[in-house]
Number of protein chains: 2
Amino acid sequence: MAATLKDVAKLSGVHPSTVSRVLRNKENIPISKETRERIMKAVNELHYQPDITARALRLKKSNAIGLIIPDILNSFFAGVARSIEKECAKAGYTLLVSETNENQENEIRSVNDLYSRGIDGLIIAPVQNSDQHIRDLREKNFPFVLIDRCFEDIETNYVISDNEKAAYNAIVHLIELGHKRIAFLSSRREIYPVHKRLTGYKKAIADFNLADSEELIEGTGFTFQNGFDSTIQLLSLPNPPTAMLSSGNIITIGAMQAIIDKGLSIPNDISLIAFTDTIYSPYLVCPLTTITHSVQKVGAKSFEILLAQMTTGNSLPCSKIIIETEFTIRNSTKKYSNN
Amino acid sequence: MAATLKDVAKLSGVHPSTVSRVLRNKENIPISKETRERIMKAVNELHYQPDITARALRLKKSNAIGLIIPDILNSFFAGVARSIEKECAKAGYTLLVSETNENQENEIRSVNDLYSRGIDGLIIAPVQNSDQHIRDLREKNFPFVLIDRCFEDIETNYVISDNEKAAYNAIVHLIELGHKRIAFLSSRREIYPVHKRLTGYKKAIADFNLADSEELIEGTGFTFQNGFDSTIQLLSLPNPPTAMLSSGNIITIGAMQAIIDKGLSIPNDISLIAFTDTIYSPYLVCPLTTITHSVQKVGAKSFEILLAQMTTGNSLPCSKIIIETEFTIRNSTKKYSNN
DNA sequence: CTGTTAGCGCCTTCAC
DNA sequence: GTGAAGGCGCTAACAG
């Protein structure tokens with residue numbers, strides 16, 4: 001049975017509220033040195049730790065925020081989590097991380113649960129299969145920030161990156177290398193960034209007057225198997241692509257396995273550009289040309305916005321931040337040669 | 001301002017306790033159909049969500065557990081987190097994840113904070129620079145389970161794997177391939193599993209009468225840079241190793257960079273075995289021979305033990321589980337040839 | 001400088 | 001079948 005304020009008060013022969021005052025350490029409230037010492041002694045003796053939730057109930061402020069990510073195994077989200085954790089520690093907040101495994105039910109459960117636990121704010125990378133729970137948050141005027149993914153028709157704070165431009169530039173790079181059959185390995189297209197990447201892809205294809213064939217766009221999921229299956233599909237085309245842009249971390253690995261299984265090699269048979277860079281990217285069978293954006297920036301910026309909203313009662317106009325992407329050219333892209 | 005029980009009660013013209021009864025949905029407590037419906041209507045109208053922390057304060061049970069991991073970017077810990085999250089969802093618990101970035105201060109803060117937030121139990125992969133906070137948990141008779149790492153002189157529940165045996169077998173594998181100069185790329189040796197791996201390494205070296213040179217044991221940290229620096233050191237030896245066992249995920253990547261920088265190749269110049277397998281292991285410059293253990297098993301087992309302790313008031317004797325490791329041979333290990 | 005009082009939102013026991 | 005009372009642990013406002 002953990003010690004409470006009352007226990008400390010009894011042991012030091014003082015009223016609970018006095019103990020509370022000492023522990024809260026208010027500058028302007030004067031307390032005799034002697035009682036303070038007596039109380040601190042009792043605190044140590046009993047190993048007293050305040051019940052933060054009881055305090056939060058009273059103060060209507062928990063000093064905790066939630067982070068909901070779809071995929072903890074994706075190093076982008078893991079990196080963002082670490083980055084936000086750091087910011088939280090600096091600002092005296094506790095970060096409670098929850099992962100949804102790209103499952104909408106899980107996300108709704110997590111949002112409601114964290115909300116009901118009295119957190120002060122929320123950072124979410126949403127699954128985007130539904131949005132009512134996000135609208136509810138908005139209606140309750142609860143402070144939250146979306147990261148990586150946002151909803152075009154809901155007014156929220158968000159921190160994303162310019163996926164359309166990044167995809168466009170990647171495709172232009174491939175076109176400049178002489179490629180004409182360029183595939184887009186997609187994941188779930190309802191996800192805002194994937195949707196945008198596809199838009200950028202199509203725009204580049206159109207701008208450079210390449211044949212616009214739907215058969216070069218494949219994929220609907222996030223898993224290794226999704227990436228594998230879609231790539232097999234693409235490579236089995238009568239007129240297969242000579243280059244491709246992969247829209248995800250894990251599906252890229254699936255794509256690599258498919259390329260190996262087909263007896264092909266990167267970049268000799270097919271050039272590959274991938275969203276997103278990981279620590280492994282330079283050390284893969286073929287070091288990958290990648291597009292990425294700074295997890296530090298996403299983490300720091302999203303927390304900064306959330307903190308501002310929390311401290312102003314969510315009264316600030318919505319912040320919409322777009323983080324620049326970086327393009328890292330390695331060995332997985334090379335000039336098209338019709339050998 | 002979120003709606004409370006009182007608001008719902010007022011709107012439905014009934015006493016708060018009645019609302020509570022309806023919401024708790026006790027079978028044995030009879031409530032007229034009519035009031036129940038009136039109350040449910042009010043609940044929906046007000047978008048009422050119970051305050052879980054207030055309930056927890058009253059019930060002394062929060063239905064949440066904490067998970068503290070040192071490195072969210074390490075796919076082993078991330079995988080364990082996902083696995084535990086799944087178990088929690090099944091059992092009606094909320095999982096609150098916290099990462100410490102291998103920092104002892106952060107861990108102590110997280111333990112205390114989560115504890116003070118009234119969680120029912122804790123799963124920890126400890127940093128192991130200090131242990132007083134772990135002893136405190138034990139003294140408070142608070143339910144917790146250690147994973148991946150444990151303390152030899154503290155009696156706790158834990159789920160680990162047989163690192164000594166795994167390392168021993170890996171070294172034997174290398175010896176059987178004809179290697180005689182085998183290095184151990186270490187990370188922090190105070191960590192229980194690293195310590196055990198080193199023991200297994202030394203035992204194999206001794207059992208097979210190889211020269212036992214301390215210069216072949218390098219490394220004290222977890223980072224890419226640590227792995228890189230130590231490997232450079234090893235490869236710069238007058239009589240460099242022809243094989244090595246790496247004790248960590250990220251340091252292995254650092255080692256690969258060092259090997260590349262030295263103009264050497266795996267496995268022609270040096271054979272490499274790594275703890276732990278990741279989704280990238282088969283697709284690296286040289287597909288890695290790895291040792292791993294199931295994240296599902298660690299997650300499921302640790303939660304199972306914790307649940308048992310939580311539901312019995314932490315009265316069960318400590319469970320000490322050792323998960324079997326798996327050895328996956330790929331291309332990074334080959335016969336020693338003195339060319 | 002310190003004690004008293006009240007109440008955050010919830011649930012359980014005891015009335016009726 | 002439902003209302004009233006009390007209290008989980010804490011803190012702020014008000015006394016004195």
# chains A, B, ... in the order shown; residues from 1 in each chain; ligands from 1
call {"tool": "select_by_dssp", "arguments": {"residues": "stretch 250-280 of chain B", "states": "strand (DSSP E or B)", "output": "number ranges by chain"}}
result
B: 271-275
call {"tool": "residues_around", "arguments": {"residues": "C:DT12", "least_positions_apart": "4", "cutoff": "10 Å", "atoms": "only C-alpha atoms (C1' of nucleotides)", "output": "list in words"}}
result
Ser17, Arg58 and Leu59 of chain B; DG6 of chain D
call {"tool": "closest_atom_pairs", "arguments": {"of": "chain C", "to": "chain A", "cutoff": "7 Å", "atoms": "only C-alpha atoms (C1' of nucleotides)", "output": "CSV"}}
result
residue,atom,partner,partner_atom,distance
C:DC1,C1',A:Ile31,CA,5.8
C:DT2,C1',A:Thr18,CA,6.8
C:DG3,C1',A:His15,CA,6.5
C:DC8,C1',A:Arg58,CA,4.4
call {"tool": "interface_residues", "arguments": {"of": "chain B", "to": "chain A", "cutoff": "8 Å", "atoms": "only C-alpha atoms", "output": "MDAnalysis selection string"}}
result
chainID B and resid 1:2 49:54 57 72:73 75 78:79 81:82 85 94:99 101 113 116:118 140 253 256:257 280 283:287
call {"tool": "interface_residues", "arguments": {"of": "chain D", "to": "chain B", "cutoff": "10 Å", "atoms": "only C-alpha atoms (C1' of nucleotides)", "output": "PyMOL selection string"}}
result
chain D and resi 1-4+7-9
call {"tool": "write_last_selection", "arguments": {"atoms": "C-alpha atoms (C1' of nucleotides)", "output": "tab-separated table (two decimals), in the first residue's frame"}}
result
chain	number	residue	atom	x	y	z
D	1	DG	C1'	-35.44	0.18	-8.73
D	2	DT	C1'	-33.24	4.44	-7.31
D	3	DG	C1'	-31.27	8.23	-4.11
D	4	DA	C1'	-27.98	9.73	-0.53
D	7	DG	C1'	-14.27	8.88	0.12
D	8	DC	C1'	-10.21	7.54	-3.35
D	9	DG	C1'	-5.55	11.41	-3.06
call {"tool": "residues_around", "arguments": {"residues": "A:Leu235", "least_positions_apart": "3", "cutoff": "8 Å", "atoms": "only C-alpha atoms (C1' of nucleotides)", "output": "ChimeraX atom specification"}}
result
/A:231-232,240-241,259,262
call {"tool": "atom_distance", "arguments": {"atom1": "atom CA of B:Ala166", "atom2": "atom CA of B:Leu272"}}
result
14.6 Å
call {"tool": "atom_distance", "arguments": {"atom1": "atom CA of B:Ile305", "atom2": "atom CA of A:Val111"}}
result
27.2 Å
call {"tool": "residues_around", "arguments": {"residues": "A:Thr242", "least_positions_apart": "6", "cutoff": "12 Å", "atoms": "only C-alpha atoms (C1' of nucleotides)", "output": "PyMOL selection string"}}
result
chain A and resi 174-175+177-184+216+231+234-235+259+264-273+332-339
call {"tool": "residues_around", "arguments": {"residues": "B:Arg138", "least_positions_apart": "4", "cutoff": "9 Å", "atoms": "only C-alpha atoms (C1' of nucleotides)", "output": "list in words"}}
result
His133, Ile134, Phe142, Pro143, Phe144, Ile154, Glu155 and Thr156 of chain B
call {"tool": "residues_around", "arguments": {"residues": "A:Thr290", "least_positions_apart": "2", "cutoff": "9 Å", "atoms": "only C-alpha atoms (C1' of nucleotides)", "output": "mmCIF file with N, CA and C atoms, in the first residue's frame"}}
result
data_model
loop_
_atom_site.group_PDB
_atom_site.id
_atom_site.type_symbol
_atom_site.label_atom_id
_atom_site.label_comp_id
_atom_site.auth_asym_id
_atom_site.auth_seq_id
_atom_site.Cartn_x
_atom_site.Cartn_y
_atom_site.Cartn_z
ATOM 1 N N ALA A 170 11.737 12.964 -57.838
ATOM 2 C CA ALA A 170 12.318 11.627 -57.967
ATOM 3 C C ALA A 170 12.051 11.067 -59.361
ATOM 4 N N LEU A 272 15.742 1.857 -58.641
ATOM 5 C CA LEU A 272 14.791 1.914 -57.529
ATOM 6 C C LEU A 272 15.052 3.141 -56.660
ATOM 7 N N ILE A 273 13.994 3.893 -56.430
ATOM 8 C CA ILE A 273 14.049 4.992 -55.459
ATOM 9 C C ILE A 273 13.019 4.685 -54.385
ATOM 10 N N ALA A 274 13.375 4.928 -53.143
ATOM 11 C CA ALA A 274 12.455 4.571 -52.065
ATOM 12 C C ALA A 274 12.177 5.719 -51.114
ATOM 13 N N PHE A 275 10.921 5.887 -50.761
ATOM 14 C CA PHE A 275 10.548 6.554 -49.530
ATOM 15 C C PHE A 275 10.694 5.487 -48.466
ATOM 16 N N THR A 276 11.386 5.592 -47.456
ATOM 17 C CA THR A 276 12.046 6.651 -46.766
ATOM 18 C C THR A 276 13.430 6.143 -46.412
ATOM 19 N N ASP A 277 14.344 7.004 -46.132
ATOM 20 C CA ASP A 277 15.674 6.585 -45.737
ATOM 21 C C ASP A 277 15.662 5.924 -44.361
ATOM 22 N N THR A 278 16.471 4.870 -44.211
ATOM 23 C CA THR A 278 16.652 4.270 -42.882
ATOM 24 C C THR A 278 18.145 4.103 -42.657
ATOM 25 N N SER A 281 19.613 1.806 -45.279
ATOM 26 C CA SER A 281 19.584 2.118 -46.708
ATOM 27 C C SER A 281 20.942 2.056 -47.396
ATOM 28 N N LEU A 288 20.527 2.146 -51.440
ATOM 29 C CA LEU A 288 19.327 2.744 -52.016
ATOM 30 C C LEU A 288 19.379 4.257 -52.162
ATOM 31 N N THR A 292 13.790 11.393 -47.977
ATOM 32 C CA THR A 292 13.472 11.357 -46.552
ATOM 33 C C THR A 292 13.219 12.755 -46.033
ATOM 34 N N GLU A 326 14.590 15.466 -48.285
ATOM 35 C CA GLU A 326 15.945 15.378 -48.811
ATOM 36 C C GLU A 326 16.049 14.187 -49.758
ATOM 37 N N PHE A 327 16.846 14.369 -50.796
ATOM 38 C CA PHE A 327 16.996 13.338 -51.814
ATOM 39 C C PHE A 327 18.435 12.843 -51.757
ATOM 40 N N THR A 328 18.606 11.559 -51.451
ATOM 41 C CA THR A 328 19.950 11.014 -51.339
ATOM 42 C C THR A 328 20.196 10.007 -52.460
ATOM 43 N N ILE A 329 21.116 10.351 -53.353
ATOM 44 C CA ILE A 329 21.385 9.463 -54.483
ATOM 45 C C ILE A 329 22.470 8.463 -54.110
ATOM 46 N N ARG A 330 22.149 7.188 -54.201
ATOM 47 C CA ARG A 330 23.157 6.148 -53.977
ATOM 48 C C ARG A 330 23.265 5.297 -55.245
#
call {"tool": "atom_distance", "arguments": {"atom1": "atom CA of B:Ile39", "atom2": "atom CA of B:Asn63"}}
result
25.1 Å
call {"tool": "select_by_dssp", "arguments": {"residues": "stretch 126-281 of chain A", "states": "helix (DSSP H, G or I)", "output": "ChimeraX atom specification"}}
result
/A:132-139,163-176,192-207,214-216,224-235,249-261,281
call {"tool": "write_last_selection", "arguments": {"atoms": "C-alpha atoms", "output": "short mmCIF file (atom, residue, chain, number, x, y, z; two decimals), in the first residue's frame"}}
result
data_model
loop_
_atom_site.label_atom_id
_atom_site.label_comp_id
_atom_site.auth_asym_id
_atom_site.auth_seq_id
_atom_site.Cartn_x
_atom_site.Cartn_y
_atom_site.Cartn_z
CA GLN A 132 -15.08 10.95 -36.95
CA HIS A 133 -12.89 10.56 -33.88
CA ILE A 134 -10.63 13.31 -35.21
CA ARG A 135 -13.61 15.57 -35.79
CA ASP A 136 -14.79 14.81 -32.25
CA LEU A 137 -11.45 15.91 -30.85
CA ARG A 138 -11.79 19.11 -32.80
CA GLU A 139 -15.33 19.69 -31.54
CA ASN A 163 5.37 14.46 -50.78
CA GLU A 164 4.03 15.59 -54.11
CA LYS A 165 7.10 17.63 -54.90
CA ALA A 166 9.44 14.93 -53.59
CA ALA A 167 7.83 12.26 -55.77
CA TYR A 168 7.80 14.60 -58.74
CA ASN A 169 11.51 15.30 -58.40
CA ALA A 170 12.32 11.63 -57.97
CA ILE A 171 10.49 10.75 -61.16
CA VAL A 172 12.20 13.61 -62.99
CA HIS A 173 15.51 12.18 -61.82
CA LEU A 174 14.60 8.82 -63.33
CA ILE A 175 13.40 10.43 -66.54
CA GLU A 176 16.65 12.32 -66.84
CA TYR A 192 -2.58 11.48 -47.57
CA PRO A 193 1.17 11.26 -48.30
CA VAL A 194 0.76 8.25 -50.57
CA HIS A 195 -2.01 10.03 -52.41
CA LYS A 196 0.23 13.04 -52.83
CA ARG A 197 3.16 10.97 -54.01
CA LEU A 198 0.96 9.38 -56.61
CA THR A 199 -0.15 12.82 -57.72
CA GLY A 200 3.47 13.93 -58.06
CA TYR A 201 4.28 10.79 -59.99
CA LYS A 202 1.42 11.31 -62.43
CA LYS A 203 2.25 14.96 -62.88
CA ALA A 204 5.85 14.19 -63.81
CA ILE A 205 4.77 11.46 -66.19
CA ALA A 206 2.39 13.90 -67.86
CA ASP A 207 4.79 16.85 -67.90
CA GLU A 214 -2.35 2.47 -65.11
CA GLU A 215 -0.68 -0.93 -65.13
CA LEU A 216 2.50 0.71 -63.82
CA PHE A 224 6.48 -6.97 -46.98
CA GLN A 225 4.06 -9.29 -48.76
CA ASN A 226 2.21 -6.36 -50.33
CA GLY A 227 5.46 -4.98 -51.71
CA PHE A 228 6.55 -8.40 -52.90
CA ASP A 229 3.29 -9.28 -54.66
CA SER A 230 2.91 -5.93 -56.37
CA THR A 231 6.48 -5.95 -57.62
CA ILE A 232 6.11 -9.47 -59.02
CA GLN A 233 3.02 -8.17 -60.78
CA LEU A 234 4.92 -5.22 -62.23
CA LEU A 235 7.91 -7.29 -63.34
CA ASN A 249 9.92 1.41 -46.09
CA ILE A 250 8.83 -2.15 -45.69
CA ILE A 251 7.29 -2.62 -49.12
CA THR A 252 10.68 -1.66 -50.54
CA ILE A 253 12.15 -4.72 -48.88
CA GLY A 254 9.38 -6.83 -50.36
CA ALA A 255 10.21 -5.30 -53.73
CA MET A 256 13.86 -6.24 -53.34
CA GLN A 257 12.93 -9.84 -52.63
CA ALA A 258 10.69 -9.87 -55.72
CA ILE A 259 13.48 -8.49 -57.87
CA ILE A 260 15.85 -11.16 -56.55
CA ASP A 261 13.28 -13.91 -57.14
CA SER A 281 19.58 2.12 -46.71
#
